[in-house]
file run-v3.csv (CSV, C-alpha atoms)
chain,number,residue,atom,x,y,z
A,1,MET,CA,48.1,37.6,55.5
A,2,THR,CA,50.8,39.4,57.4
A,3,ALA,CA,49.8,42.6,59.1
A,4,ALA,CA,51.3,45.8,57.7
A,5,ARG,CA,54.6,46.7,59.5
A,6,TYR,CA,55.7,50.1,60.5
A,7,THR,CA,59.3,50.9,61.4
A,8,ILE,CA,60.9,53.9,63.1
A,9,ILE,CA,64.6,54.5,63.4
A,10,ASP,CA,65.8,57.0,66.0
A,11,LEU,CA,69.4,58.3,65.7
A,12,GLY,CA,69.7,59.4,69.3
A,13,SER,CA,72.6,61.1,71.0
A,14,ASN,CA,73.3,58.0,73.2
A,15,SER,CA,71.8,55.1,71.3
A,16,PHE,CA,70.4,54.2,67.9
A,17,HIS,CA,67.0,52.5,68.0
A,18,MET,CA,65.0,50.6,65.4
A,19,LEU,CA,61.4,49.6,66.3
A,20,THR,CA,59.0,47.8,64.2
A,21,VAL,CA,55.3,47.5,65.1
A,22,VAL,CA,51.9,46.5,63.8
A,23,LYS,CA,48.6,48.2,64.5
A,24,GLN,CA,46.5,46.6,67.3
A,25,GLY,CA,43.2,48.3,68.1
A,26,ASP,CA,44.0,51.9,69.3
A,27,GLY,CA,47.6,50.9,70.0
A,28,PHE,CA,50.3,48.7,68.6
A,29,ASN,CA,52.2,45.4,69.1
A,30,VAL,CA,56.0,45.3,68.8
A,31,VAL,CA,57.3,43.0,66.1
A,32,SER,CA,61.0,43.7,66.8
A,33,LYS,CA,63.3,46.2,68.4
A,34,HIS,CA,67.0,46.7,68.2
A,35,LYS,CA,69.3,49.1,70.0
A,36,GLN,CA,72.9,49.9,69.8
A,37,LYS,CA,74.9,52.3,72.0
A,38,VAL,CA,76.7,54.6,69.5
A,39,ARG,CA,77.1,57.6,71.9
A,40,LEU,CA,77.2,60.2,69.1
A,41,ALA,CA,77.4,63.0,71.7
A,42,ALA,CA,80.6,61.6,73.1
A,43,GLY,CA,82.1,62.0,69.6
A,44,LEU,CA,81.7,65.8,69.6
A,45,ASN,CA,84.9,67.7,70.1
A,46,GLY,CA,85.3,71.2,71.5
A,47,ASP,CA,84.5,72.7,68.1
A,48,LYS,CA,81.3,70.5,67.8
A,49,GLN,CA,82.9,68.4,65.1
A,50,LEU,CA,81.8,64.7,65.1
A,51,ASP,CA,84.9,62.6,65.0
A,52,GLN,CA,85.5,60.0,62.3
A,53,ALA,CA,85.6,57.0,64.6
A,54,THR,CA,82.1,57.8,66.1
A,55,MET,CA,80.7,58.4,62.6
A,56,GLU,CA,82.1,55.0,61.5
A,57,LYS,CA,80.5,53.4,64.5
A,58,GLY,CA,77.2,55.0,63.6
A,59,TRP,CA,77.3,53.9,60.0
A,60,ALA,CA,78.2,50.4,60.9
A,61,CYS,CA,75.1,50.3,63.1
A,62,LEU,CA,72.9,51.6,60.3
A,63,GLU,CA,74.4,48.9,57.9
A,64,SER,CA,72.9,46.3,60.3
A,65,PHE,CA,69.6,48.1,60.4
A,66,ARG,CA,69.5,48.2,56.6
A,67,LEU,CA,69.8,44.4,56.6
A,68,LEU,CA,67.0,44.1,59.0
A,69,LEU,CA,64.8,46.5,57.0
A,70,ASP,CA,65.3,44.2,54.0
A,71,GLN,CA,63.9,41.3,56.0
A,72,ILE,CA,61.1,43.2,57.7
A,73,GLN,CA,59.9,45.1,54.6
A,74,PRO,CA,57.8,47.7,56.4
A,75,VAL,CA,55.0,49.6,54.6
A,76,CYS,CA,56.2,52.8,56.2
A,77,ILE,CA,59.5,54.0,57.6
A,78,LEU,CA,60.2,57.2,59.6
A,79,ILE,CA,63.7,58.1,60.6
A,80,THR,CA,64.8,60.9,62.9
A,81,ALA,CA,68.1,62.4,64.2
A,82,THR,CA,68.2,64.5,67.3
A,83,ALA,CA,70.4,66.6,69.6
A,84,ALA,CA,73.9,65.3,68.9
A,85,LEU,CA,73.4,65.7,65.1
A,86,ARG,CA,71.7,69.1,65.6
A,87,MET,CA,74.9,70.2,67.4
A,88,ALA,CA,77.5,68.7,65.0
A,89,VAL,CA,78.8,71.3,62.5
A,90,ASN,CA,79.7,68.4,60.2
A,91,ASN,CA,76.3,66.7,60.5
A,92,GLN,CA,75.7,66.6,56.7
A,93,GLN,CA,78.8,64.4,56.3
A,94,PHE,CA,77.2,61.9,58.6
A,95,LEU,CA,73.7,62.2,57.4
A,96,SER,CA,74.5,62.0,53.7
A,97,LYS,CA,76.2,58.6,54.1
A,98,ALA,CA,73.5,57.5,56.6
A,99,GLU,CA,70.8,58.2,54.0
A,100,LYS,CA,72.7,56.2,51.3
A,101,ILE,CA,73.0,53.3,53.7
A,102,LEU,CA,69.3,53.3,54.8
A,103,GLN,CA,68.1,54.3,51.3
A,104,HIS,CA,65.6,56.6,53.0
A,105,PRO,CA,65.5,60.3,54.0
A,106,ILE,CA,66.4,61.2,57.6
A,107,ASN,CA,64.5,64.0,59.4
A,108,LEU,CA,66.9,66.1,61.5
A,109,ILE,CA,64.4,67.5,63.9
A,110,SER,CA,64.6,70.6,66.0
A,111,GLY,CA,64.6,70.6,69.8
A,112,ILE,CA,61.0,71.8,69.8
A,113,GLN,CA,59.9,69.2,67.3
A,114,GLU,CA,61.6,66.5,69.5
A,115,ALA,CA,59.8,67.8,72.6
A,116,GLU,CA,56.4,67.9,71.0
A,117,THR,CA,56.9,64.4,69.5
A,118,ILE,CA,57.8,63.1,72.9
A,119,PHE,CA,54.6,64.5,74.3
A,120,LYS,CA,52.7,62.9,71.4
A,121,GLY,CA,54.2,59.6,72.5
A,122,VAL,CA,53.2,60.1,76.1
A,123,SER,CA,49.6,61.0,75.1
A,124,PHE,CA,49.4,58.0,72.8
A,125,THR,CA,50.4,55.5,75.5
A,126,GLU,CA,49.1,57.1,78.8
A,127,ASN,CA,45.5,57.9,77.9
A,128,THR,CA,45.0,60.5,80.6
A,129,ASP,CA,43.3,63.9,80.6
A,130,LYS,CA,45.5,65.3,83.4
A,131,GLU,CA,47.7,68.4,82.9
A,132,LEU,CA,51.1,66.8,82.5
A,133,LEU,CA,54.7,67.8,82.9
A,134,VAL,CA,56.8,65.4,80.7
A,135,LEU,CA,60.6,65.3,81.0
A,136,ASP,CA,63.0,63.3,78.9
A,137,ILE,CA,66.8,63.2,79.5
A,138,GLY,CA,68.7,62.3,76.4
A,139,GLY,CA,72.3,62.0,75.5
A,140,ALA,CA,72.8,65.6,74.5
A,141,SER,CA,69.4,67.3,75.3
A,142,THR,CA,66.7,67.3,77.8
A,143,GLU,CA,63.1,68.0,76.9
A,144,LEU,CA,60.5,69.6,79.2
A,145,VAL,CA,56.9,69.7,78.0
A,146,LEU,CA,53.7,70.9,79.6
A,147,GLY,CA,50.4,69.9,78.1
A,148,GLN,CA,47.1,68.2,78.3
A,149,GLY,CA,45.6,65.6,76.0
A,150,ASN,CA,47.0,66.4,72.5
A,151,LYS,CA,47.6,70.0,73.3
A,152,VAL,CA,51.2,71.2,74.1
A,153,HIS,CA,51.3,74.4,76.2
A,154,ILE,CA,55.0,74.8,76.7
A,155,ALA,CA,57.9,72.9,75.1
A,156,ASN,CA,61.6,73.4,75.6
A,157,SER,CA,64.7,71.5,74.6
A,158,LEU,CA,67.7,72.3,76.7
A,159,ASN,CA,71.4,71.5,75.9
A,160,ILE,CA,71.8,69.2,78.9
A,161,GLY,CA,72.4,65.5,78.3
A,162,CYS,CA,73.7,62.5,80.1
A,163,VAL,CA,76.5,61.9,77.6
A,164,THR,CA,77.6,65.5,77.4
A,165,TRP,CA,77.4,66.0,81.2
A,166,LEU,CA,79.5,62.8,81.6
A,167,SER,CA,82.3,64.3,79.6
A,168,HIS,CA,82.0,67.8,81.3
A,169,TYR,CA,81.5,66.9,84.9
A,170,PHE,CA,82.6,63.2,85.4
A,171,ALA,CA,85.5,63.1,83.0
A,172,ASP,CA,87.8,62.0,85.9
A,173,ASP,CA,85.5,59.0,86.5
A,174,LEU,CA,85.1,60.0,90.1
A,175,LEU,CA,81.7,59.8,91.9
A,176,ASN,CA,82.0,62.4,94.7
A,177,GLU,CA,80.0,65.3,96.1
A,178,TYR,CA,82.2,67.8,94.2
A,179,ASN,CA,81.4,66.3,90.7
A,180,PHE,CA,77.8,65.8,91.5
A,181,ASN,CA,77.4,69.4,92.9
A,182,ASN,CA,79.1,70.8,89.8
A,183,ALA,CA,76.9,68.7,87.5
A,184,VAL,CA,73.7,69.6,89.3
A,185,ASN,CA,74.5,73.3,89.6
A,186,ALA,CA,75.4,73.5,85.9
A,187,ALA,CA,72.1,71.8,84.9
A,188,ARG,CA,70.1,74.1,87.3
A,189,GLN,CA,71.7,77.1,85.6
A,190,VAL,CA,70.5,76.0,82.2
A,191,ILE,CA,67.0,75.1,83.5
A,192,SER,CA,66.8,78.6,85.1
A,193,THR,CA,66.5,80.2,81.7
A,194,VAL,CA,63.0,78.5,81.2
A,195,LYS,CA,62.0,77.9,84.9
A,196,ALA,CA,59.5,80.8,85.0
A,197,GLN,CA,57.5,79.3,82.2
A,198,TYR,CA,56.7,76.2,84.2
A,199,VAL,CA,56.4,77.3,87.9
A,200,SER,CA,53.3,79.4,87.0
A,201,PHE,CA,51.5,76.3,85.9
A,202,ASP,CA,49.8,73.9,88.3
A,203,TRP,CA,50.2,70.6,86.6
A,204,GLU,CA,48.7,67.4,88.1
A,205,LEU,CA,51.2,64.7,87.1
A,206,THR,CA,54.9,64.5,86.3
A,207,LEU,CA,55.9,61.8,83.9
A,208,GLY,CA,59.5,60.8,83.1
A,209,ALA,CA,60.4,59.3,79.7
A,210,SER,CA,64.1,58.4,79.6
A,211,GLY,CA,66.7,55.7,80.4
A,212,THR,CA,67.8,57.6,83.5
A,213,ILE,CA,64.2,57.5,84.9
A,214,GLN,CA,63.8,53.9,84.0
A,215,ALA,CA,67.1,53.1,85.7
A,216,VAL,CA,66.0,55.0,88.9
A,217,ASN,CA,62.7,53.1,88.8
A,218,GLU,CA,64.5,49.7,88.4
A,219,ILE,CA,66.8,50.5,91.4
A,220,ASN,CA,63.8,51.5,93.5
A,221,GLN,CA,61.9,48.3,92.6
A,222,ALA,CA,64.9,46.1,93.3
A,223,GLN,CA,65.7,47.8,96.7
A,224,GLN,CA,62.2,48.9,97.8
A,225,LEU,CA,63.5,52.3,98.9
A,226,SER,CA,60.4,54.4,98.4
A,227,HIS,CA,56.7,54.3,97.4
A,228,HIS,CA,57.3,56.8,94.7
A,229,LEU,CA,60.1,58.6,92.7
A,230,SER,CA,60.9,61.6,94.8
A,231,ILE,CA,63.9,63.9,95.4
A,232,GLU,CA,64.6,62.0,98.6
A,233,LEU,CA,64.9,58.8,96.6
A,234,LEU,CA,67.2,60.5,94.1
A,235,GLN,CA,69.4,61.7,96.9
A,236,GLN,CA,69.6,58.2,98.4
A,237,ILE,CA,70.7,56.8,95.1
A,238,LYS,CA,73.2,59.6,94.7
A,239,GLN,CA,74.8,58.6,98.0
A,240,GLN,CA,74.9,55.0,96.8
A,241,CYS,CA,76.8,56.2,93.7
A,242,ILE,CA,79.3,58.2,95.9
A,243,GLN,CA,79.9,55.1,98.1
A,244,CYS,CA,81.0,53.3,94.9
A,245,GLN,CA,83.6,56.1,94.4
A,246,SER,CA,84.0,55.8,90.6
A,247,ILE,CA,82.0,55.0,87.5
A,248,LYS,CA,84.2,52.0,86.8
A,249,THR,CA,83.3,50.5,90.2
A,250,LEU,CA,79.6,51.7,90.1
A,251,ASN,CA,77.6,48.7,91.3
A,252,ILE,CA,74.1,49.4,92.7
A,253,ILE,CA,71.4,46.8,93.2
A,254,GLY,CA,68.9,47.1,90.4
A,255,LEU,CA,71.2,49.1,88.0
A,256,GLU,CA,71.8,47.4,84.7
A,257,GLU,CA,75.4,47.2,83.6
A,258,SER,CA,74.5,48.8,80.2
A,259,ARG,CA,73.3,51.9,82.1
A,260,VAL,CA,76.4,52.4,84.3
A,261,PRO,CA,78.5,54.8,82.2
A,262,VAL,CA,75.9,57.6,81.9
A,263,PHE,CA,73.8,56.9,85.0
A,264,ALA,CA,75.5,59.4,87.4
A,265,SER,CA,75.4,62.3,84.9
A,266,GLY,CA,71.7,61.5,84.1
A,267,LEU,CA,70.9,61.4,87.8
A,268,ALA,CA,72.6,64.8,88.4
A,269,ILE,CA,70.4,66.3,85.7
A,270,LEU,CA,67.3,64.7,87.1
A,271,ILE,CA,68.1,66.0,90.6
A,272,ALA,CA,68.5,69.5,89.1
A,273,ILE,CA,65.1,69.3,87.4
A,274,PHE,CA,63.3,68.1,90.6
A,275,GLU,CA,64.9,70.9,92.6
A,276,SER,CA,64.4,73.7,90.0
A,277,LEU,CA,60.7,72.9,89.3
A,278,ASN,CA,59.8,71.8,92.9
A,279,ILE,CA,58.7,68.4,91.7
A,280,ASN,CA,57.3,66.2,94.6
A,281,ALA,CA,56.9,62.9,92.7
A,282,MET,CA,57.2,61.5,89.3
A,283,GLN,CA,56.0,58.4,87.5
A,284,ARG,CA,57.7,56.6,84.6
A,285,SER,CA,56.0,57.0,81.2
A,286,ASN,CA,55.5,54.2,78.8
A,287,GLY,CA,55.8,56.5,75.9
A,288,ALA,CA,58.3,59.0,74.5
A,289,LEU,CA,59.9,60.0,71.1
A,290,ARG,CA,59.6,56.6,69.4
A,291,GLU,CA,55.9,56.1,70.4
A,292,GLY,CA,55.2,59.7,69.2
A,293,LEU,CA,56.8,58.7,65.8
A,294,ILE,CA,54.6,55.6,65.6
A,295,SER,CA,51.5,57.6,66.3
A,296,MET,CA,52.5,60.0,63.5
A,297,MET,CA,53.0,57.1,61.0
A,298,PHE,CA,49.6,55.7,62.0
A,299,ASN,CA,48.1,59.1,61.1
A,300,GLY,CA,49.8,59.0,57.7
A,301,GLN,CA,52.6,61.5,58.6
A,302,THR,CA,56.0,60.3,57.4
A,303,HIS,CA,58.0,63.5,57.5
A,304,PHE,CA,58.3,66.7,59.5
A,305,ASN,CA,57.4,70.1,58.1
call {"tool": "encode", "arguments": {"input": "run-v3.csv", "output": "structure tokens"}}
result
Amino acid sequence: MTAARYTIIDLGSNSFHMLTVVKQGDGFNVVSKHKQKVRLAAGLNGDKQLDQATMEKGWACLESFRLLLDQIQPVCILITATAALRMAVNNQQFLSKAEKILQHPINLISGIQEAETIFKGVSFTENTDKELLVLDIGGASTELVLGQGNKVHIANSLNIGCVTWLSHYFADDLLNEYNFNNAVNAARQVISTVKAQYVSFDWELTLGASGTIQAVNEINQAQQLSHHLSIELLQQIKQQCIQCQSIKTLNIIGLEESRVPVFASGLAILIAIFESLNINAMQRSNGALREGLISMMFNGQTHFN
């Protein structure tokens, strides 16, 4: 008898993900996972309209996901859309067709819901009682969450993302001190609006749950630069980026080719977070939004309130 399969689909601002799992003890085993870089956030114009070409790319991806769903036949499906579609003034045009393609409702979740679900995912996978600061840098938003166990103390979703920061601060493709400084300072300015909420807390562990953090971790492992992820390590990697001079020629040992386009912008945001919140060290989390969605499905929750 085949174990019941659970599928989540995450319409992220950078990539669309589809993850199917089965329950295994207190956790889960992955049956299949699929990812496609759609970069919805890059399709937002100055008026926050999502352009037709980007919508078409997104719908084409979902057509392929629909075919996979027919094969997998999960007992439960949970679909979310996040920051880029929160921002898009014409999001209903995209979501209406997307729901027809997937034949399933899509939850357009708020920034706070996204932040709290990310924390659920970290709690689900990390199994720690420590007071945590969790950060997740997405394509169009960055979530900062303080909590312990299953309890969230502070959750914020900021309009800073590696795709939007790419178009704002690295549009000329150049990797130099000027672009990095502008990107870092702009991110610090946004973070300053919530900084006071965090600095009064004495959290024990900082966990990072995003592609940028995974990329930094992979670079560090490949090059053996530091014992832990610190601001000094981030500055070292920034200098390696600057030596490459442009995004087109960005080639750092340990950096996957697929991460190249949005790596510098994500790194600038990460530097801003470290500096703003005086973070000494960070570890990479195994859980984030998708794991939070899985834990919700396992608890019988298939939609957001």
call {"tool": "closest_residue", "arguments": {"input": "run-v3.csv", "among": "A:Asn156, A:Asn91, A:Gln224, A:Ser295", "to": "Ile112 of chain A", "atoms": "all atoms listed in the file"}}
result
A:Asn156
call {"tool": "closest_residue", "arguments": {"input": "run-v3.csv", "among": "A:Lys100, A:Lys238, A:Lys37, A:His17", "to": "Ala81 of chain A", "atoms": "all atoms listed in the file"}}
result
A:His17
call {"tool": "closest_residue", "arguments": {"input": "run-v3.csv", "among": "A:Ala3, A:Ile294, A:Ala209, A:Leu50", "to": "Met18 of chain A", "atoms": "only C-alpha atoms"}}
result
A:Ile294
call {"tool": "residues_around", "arguments": {"input": "run-v3.csv", "residues": "Ile252 of chain A", "least_positions_apart": "6", "cutoff": "12 Å", "atoms": "all atoms listed in the file", "output": "number ranges by chain"}}
result
A: 215-216, 218-220, 222-223, 236-246, 259-260, 263-264
call {"tool": "write_last_selection", "arguments": {"input": "run-v3.csv", "atoms": "C-alpha atoms", "output": "JSON list (two decimals), in the coordinates of the input"}}
result
[["chain", "number", "residue", "atom", "x", "y", "z"],
["A", 215, "ALA", "CA", 67.10, 53.10, 85.70],
["A", 216, "VAL", "CA", 66.00, 55.00, 88.90],
["A", 218, "GLU", "CA", 64.50, 49.70, 88.40],
["A", 219, "ILE", "CA", 66.80, 50.50, 91.40],
["A", 220, "ASN", "CA", 63.80, 51.50, 93.50],
["A", 222, "ALA", "CA", 64.90, 46.10, 93.30],
["A", 223, "GLN", "CA", 65.70, 47.80, 96.70],
["A", 236, "GLN", "CA", 69.60, 58.20, 98.40],
["A", 237, "ILE", "CA", 70.70, 56.80, 95.10],
["A", 238, "LYS", "CA", 73.20, 59.60, 94.70],
["A", 239, "GLN", "CA", 74.80, 58.60, 98.00],
["A", 240, "GLN", "CA", 74.90, 55.00, 96.80],
["A", 241, "CYS", "CA", 76.80, 56.20, 93.70],
["A", 242, "ILE", "CA", 79.30, 58.20, 95.90],
["A", 243, "GLN", "CA", 79.90, 55.10, 98.10],
["A", 244, "CYS", "CA", 81.00, 53.30, 94.90],
["A", 245, "GLN", "CA", 83.60, 56.10, 94.40],
["A", 246, "SER", "CA", 84.00, 55.80, 90.60],
["A", 259, "ARG", "CA", 73.30, 51.90, 82.10],
["A", 260, "VAL", "CA", 76.40, 52.40, 84.30],
["A", 263, "PHE", "CA", 73.80, 56.90, 85.00],
["A", 264, "ALA", "CA", 75.50, 59.40, 87.40]]
call {"tool": "closest_atom_pairs", "arguments": {"input": "run-v3.csv", "of": "segment 158-266 of chain A", "to": "segment 270-273 of chain A", "cutoff": "9 Å", "atoms": "only C-alpha atoms", "output": "tab-separated table"}}
result
residue	atom	partner	partner_atom	distance
A:Ala183	CA	A:Ala272	CA	8.6
A:Val184	CA	A:Ala272	CA	5.2
A:Asn185	CA	A:Ala272	CA	7.1
A:Ala186	CA	A:Ala272	CA	8.6
A:Ala187	CA	A:Ala272	CA	6.0
A:Arg188	CA	A:Ala272	CA	5.2
A:Gln189	CA	A:Ala272	CA	9.0
A:Ile191	CA	A:Ile273	CA	7.2
A:Thr212	CA	A:Leu270	CA	8.0
A:Ile213	CA	A:Leu270	CA	8.1
A:Ile231	CA	A:Ile271	CA	6.7
A:Leu234	CA	A:Ile271	CA	6.6
A:Gln235	CA	A:Ile271	CA	7.7
A:Ser265	CA	A:Leu270	CA	8.7
A:Gly266	CA	A:Leu270	CA	6.2
call {"tool": "write_last_selection", "arguments": {"input": "run-v3.csv", "atoms": "C-alpha atoms", "output": "PDB file, in the coordinates of the input"}}
result
ATOM      1  CA  ALA A 183      76.900  68.700  87.500  1.00  0.00           C
ATOM      2  CA  VAL A 184      73.700  69.600  89.300  1.00  0.00           C
ATOM      3  CA  ASN A 185      74.500  73.300  89.600  1.00  0.00           C
ATOM      4  CA  ALA A 186      75.400  73.500  85.900  1.00  0.00           C
ATOM      5  CA  ALA A 187      72.100  71.800  84.900  1.00  0.00           C
ATOM      6  CA  ARG A 188      70.100  74.100  87.300  1.00  0.00           C
ATOM      7  CA  GLN A 189      71.700  77.100  85.600  1.00  0.00           C
ATOM      8  CA  ILE A 191      67.000  75.100  83.500  1.00  0.00           C
ATOM      9  CA  THR A 212      67.800  57.600  83.500  1.00  0.00           C
ATOM     10  CA  ILE A 213      64.200  57.500  84.900  1.00  0.00           C
ATOM     11  CA  ILE A 231      63.900  63.900  95.400  1.00  0.00           C
ATOM     12  CA  LEU A 234      67.200  60.500  94.100  1.00  0.00           C
ATOM     13  CA  GLN A 235      69.400  61.700  96.900  1.00  0.00           C
ATOM     14  CA  SER A 265      75.400  62.300  84.900  1.00  0.00           C
ATOM     15  CA  GLY A 266      71.700  61.500  84.100  1.00  0.00           C
TER      16      GLY A 266
END
call {"tool": "atom_distance", "arguments": {"input": "run-v3.csv", "atom1": "atom CA of Ser157 of chain A", "atom2": "atom CA of Glu143 of chain A"}}
result
4.5 Å
call {"tool": "residues_near_point", "arguments": {"input": "run-v3.csv", "point": "(46.9, 72.8, 86.2)", "cutoff": "9 Å", "atoms": "all atoms listed in the file", "output": "list of chain:residue names"}}
result
A:Lys130, A:Glu131, A:Leu132, A:Phe201, A:Asp202, A:Trp203, A:Glu204
call {"tool": "closest_residue", "arguments": {"input": "run-v3.csv", "among": "A:Gly292, A:Gly139, A:Pro261, A:Gly287", "to": "Ile160 of chain A", "atoms": "all atoms listed in the file"}}
result
A:Gly139
call {"tool": "residues_around", "arguments": {"input": "run-v3.csv", "residues": "Asn150 of chain A", "least_positions_apart": "4", "cutoff": "10 Å", "atoms": "only C-alpha atoms", "output": "ChimeraX atom specification"}}
result
/A:116,119-124,129
call {"tool": "residues_around", "arguments": {"input": "run-v3.csv", "residues": "Leu108 of chain A", "least_positions_apart": "3", "cutoff": "9 Å", "atoms": "all atoms listed in the file", "output": "ChimeraX atom specification"}}
result
/A:79-83,85-86,95,304
call {"tool": "atom_distance", "arguments": {"input": "run-v3.csv", "atom1": "atom CA of Asn14 of chain A", "atom2": "atom CA of Val38 of chain A"}}
result
6.1 Å
call {"tool": "closest_residue", "arguments": {"input": "run-v3.csv", "among": "A:Ala140, A:Val22, A:Pro74, A:Glu257", "to": "Gly43 of chain A", "atoms": "all atoms listed in the file"}}
result
A:Ala140
call {"tool": "atom_distance", "arguments": {"input": "run-v3.csv", "atom1": "atom CA of Asn107 of chain A", "atom2": "atom CA of Asn90 of chain A"}}
result
15.8 Å
call {"tool": "residues_around", "arguments": {"input": "run-v3.csv", "residues": "Val134 of chain A", "least_positions_apart": "5", "cutoff": "10 Å", "atoms": "only C-alpha atoms", "output": "MDAnalysis selection string"}}
result
chainID A and resid 115 118:119 122 143:147 155 205:209 282:285 288
call {"tool": "closest_residue", "arguments": {"input": "run-v3.csv", "among": "A:Asn286, A:Asn182, A:Gln148, A:Ser141", "to": "Glu126 of chain A", "atoms": "only C-alpha atoms"}}
result
A:Asn286
call {"tool": "residues_around", "arguments": {"input": "run-v3.csv", "residues": "His104 of chain A", "least_positions_apart": "3", "cutoff": "9 Å", "atoms": "all atoms listed in the file", "output": "list in words"}}
result
Ile77, Leu78, Ile79, Ala98, Glu99, Lys100 and Ile101 of chain A
call {"tool": "build_atoms", "arguments": {"input": "run-v3.csv", "residues": "segment 159-165 of chain A", "atoms": "all heavy atoms", "output": "PDB file, in the coordinates of the input"}}
result
ATOM      1  N   ASN A 159      70.088  72.186  76.214  1.00  0.00           N
ATOM      2  CA  ASN A 159      71.400  71.500  75.900  1.00  0.00           C
ATOM      3  C   ASN A 159      72.012  70.932  77.153  1.00  0.00           C
ATOM      4  O   ASN A 159      73.066  71.346  77.594  1.00  0.00           O
ATOM      5  CB  ASN A 159      72.312  72.481  75.192  1.00  0.00           C
ATOM      6  CG  ASN A 159      71.845  72.811  73.782  1.00  0.00           C
ATOM      7  OD1 ASN A 159      71.147  72.020  73.151  1.00  0.00           O
ATOM      8  ND2 ASN A 159      72.202  73.981  73.299  1.00  0.00           N
ATOM      9  N   ILE A 160      71.310  69.951  77.717  1.00  0.00           N
ATOM     10  CA  ILE A 160      71.800  69.200  78.900  1.00  0.00           C
ATOM     11  C   ILE A 160      71.567  67.727  78.526  1.00  0.00           C
ATOM     12  O   ILE A 160      70.439  67.365  78.181  1.00  0.00           O
ATOM     13  CB  ILE A 160      70.988  69.469  80.156  1.00  0.00           C
ATOM     14  CG1 ILE A 160      70.644  70.931  80.338  1.00  0.00           C
ATOM     15  CG2 ILE A 160      71.670  68.903  81.371  1.00  0.00           C
ATOM     16  CD1 ILE A 160      69.657  71.169  81.474  1.00  0.00           C
ATOM     17  N   GLY A 161      72.571  66.893  78.633  1.00  0.00           N
ATOM     18  CA  GLY A 161      72.400  65.500  78.300  1.00  0.00           C
ATOM     19  C   GLY A 161      73.313  64.599  79.131  1.00  0.00           C
ATOM     20  O   GLY A 161      74.377  65.041  79.572  1.00  0.00           O
ATOM     21  N   CYS A 162      72.930  63.346  79.299  1.00  0.00           N
ATOM     22  CA  CYS A 162      73.700  62.500  80.100  1.00  0.00           C
ATOM     23  C   CYS A 162      75.085  62.124  79.550  1.00  0.00           C
ATOM     24  O   CYS A 162      76.050  61.878  80.287  1.00  0.00           O
ATOM     25  CB  CYS A 162      72.940  61.175  80.463  1.00  0.00           C
ATOM     26  SG  CYS A 162      72.444  60.204  79.037  1.00  0.00           S
ATOM     27  N   VAL A 163      75.211  62.161  78.221  1.00  0.00           N
ATOM     28  CA  VAL A 163      76.500  61.900  77.600  1.00  0.00           C
ATOM     29  C   VAL A 163      77.402  63.135  77.674  1.00  0.00           C
ATOM     30  O   VAL A 163      78.574  63.056  78.049  1.00  0.00           O
ATOM     31  CB  VAL A 163      76.352  61.425  76.132  1.00  0.00           C
ATOM     32  CG1 VAL A 163      77.715  61.225  75.471  1.00  0.00           C
ATOM     33  CG2 VAL A 163      75.559  60.120  76.074  1.00  0.00           C
ATOM     34  N   THR A 164      76.842  64.296  77.350  1.00  0.00           N
ATOM     35  CA  THR A 164      77.600  65.500  77.400  1.00  0.00           C
ATOM     36  C   THR A 164      78.003  65.886  78.841  1.00  0.00           C
ATOM     37  O   THR A 164      79.120  66.331  79.108  1.00  0.00           O
ATOM     38  CB  THR A 164      76.884  66.699  76.737  1.00  0.00           C
ATOM     39  OG1 THR A 164      75.540  66.743  77.246  1.00  0.00           O
ATOM     40  CG2 THR A 164      76.829  66.530  75.235  1.00  0.00           C
ATOM     41  N   TRP A 165      77.085  65.676  79.776  1.00  0.00           N
ATOM     42  CA  TRP A 165      77.400  66.000  81.200  1.00  0.00           C
ATOM     43  C   TRP A 165      78.410  65.002  81.768  1.00  0.00           C
ATOM     44  O   TRP A 165      79.182  65.347  82.658  1.00  0.00           O
ATOM     45  CB  TRP A 165      76.086  65.947  82.021  1.00  0.00           C
ATOM     46  CG  TRP A 165      75.672  67.292  82.545  1.00  0.00           C
ATOM     47  CD1 TRP A 165      75.401  67.606  83.853  1.00  0.00           C
ATOM     48  CD2 TRP A 165      75.483  68.502  81.819  1.00  0.00           C
ATOM     49  NE1 TRP A 165      75.061  68.929  83.967  1.00  0.00           N
ATOM     50  CE2 TRP A 165      75.105  69.515  82.728  1.00  0.00           C
ATOM     51  CE3 TRP A 165      75.620  68.856  80.482  1.00  0.00           C
ATOM     52  CZ2 TRP A 165      74.861  70.837  82.343  1.00  0.00           C
ATOM     53  CZ3 TRP A 165      75.372  70.161  80.085  1.00  0.00           C
ATOM     54  CH2 TRP A 165      75.004  71.126  81.007  1.00  0.00           C
TER      55      TRP A 165
END
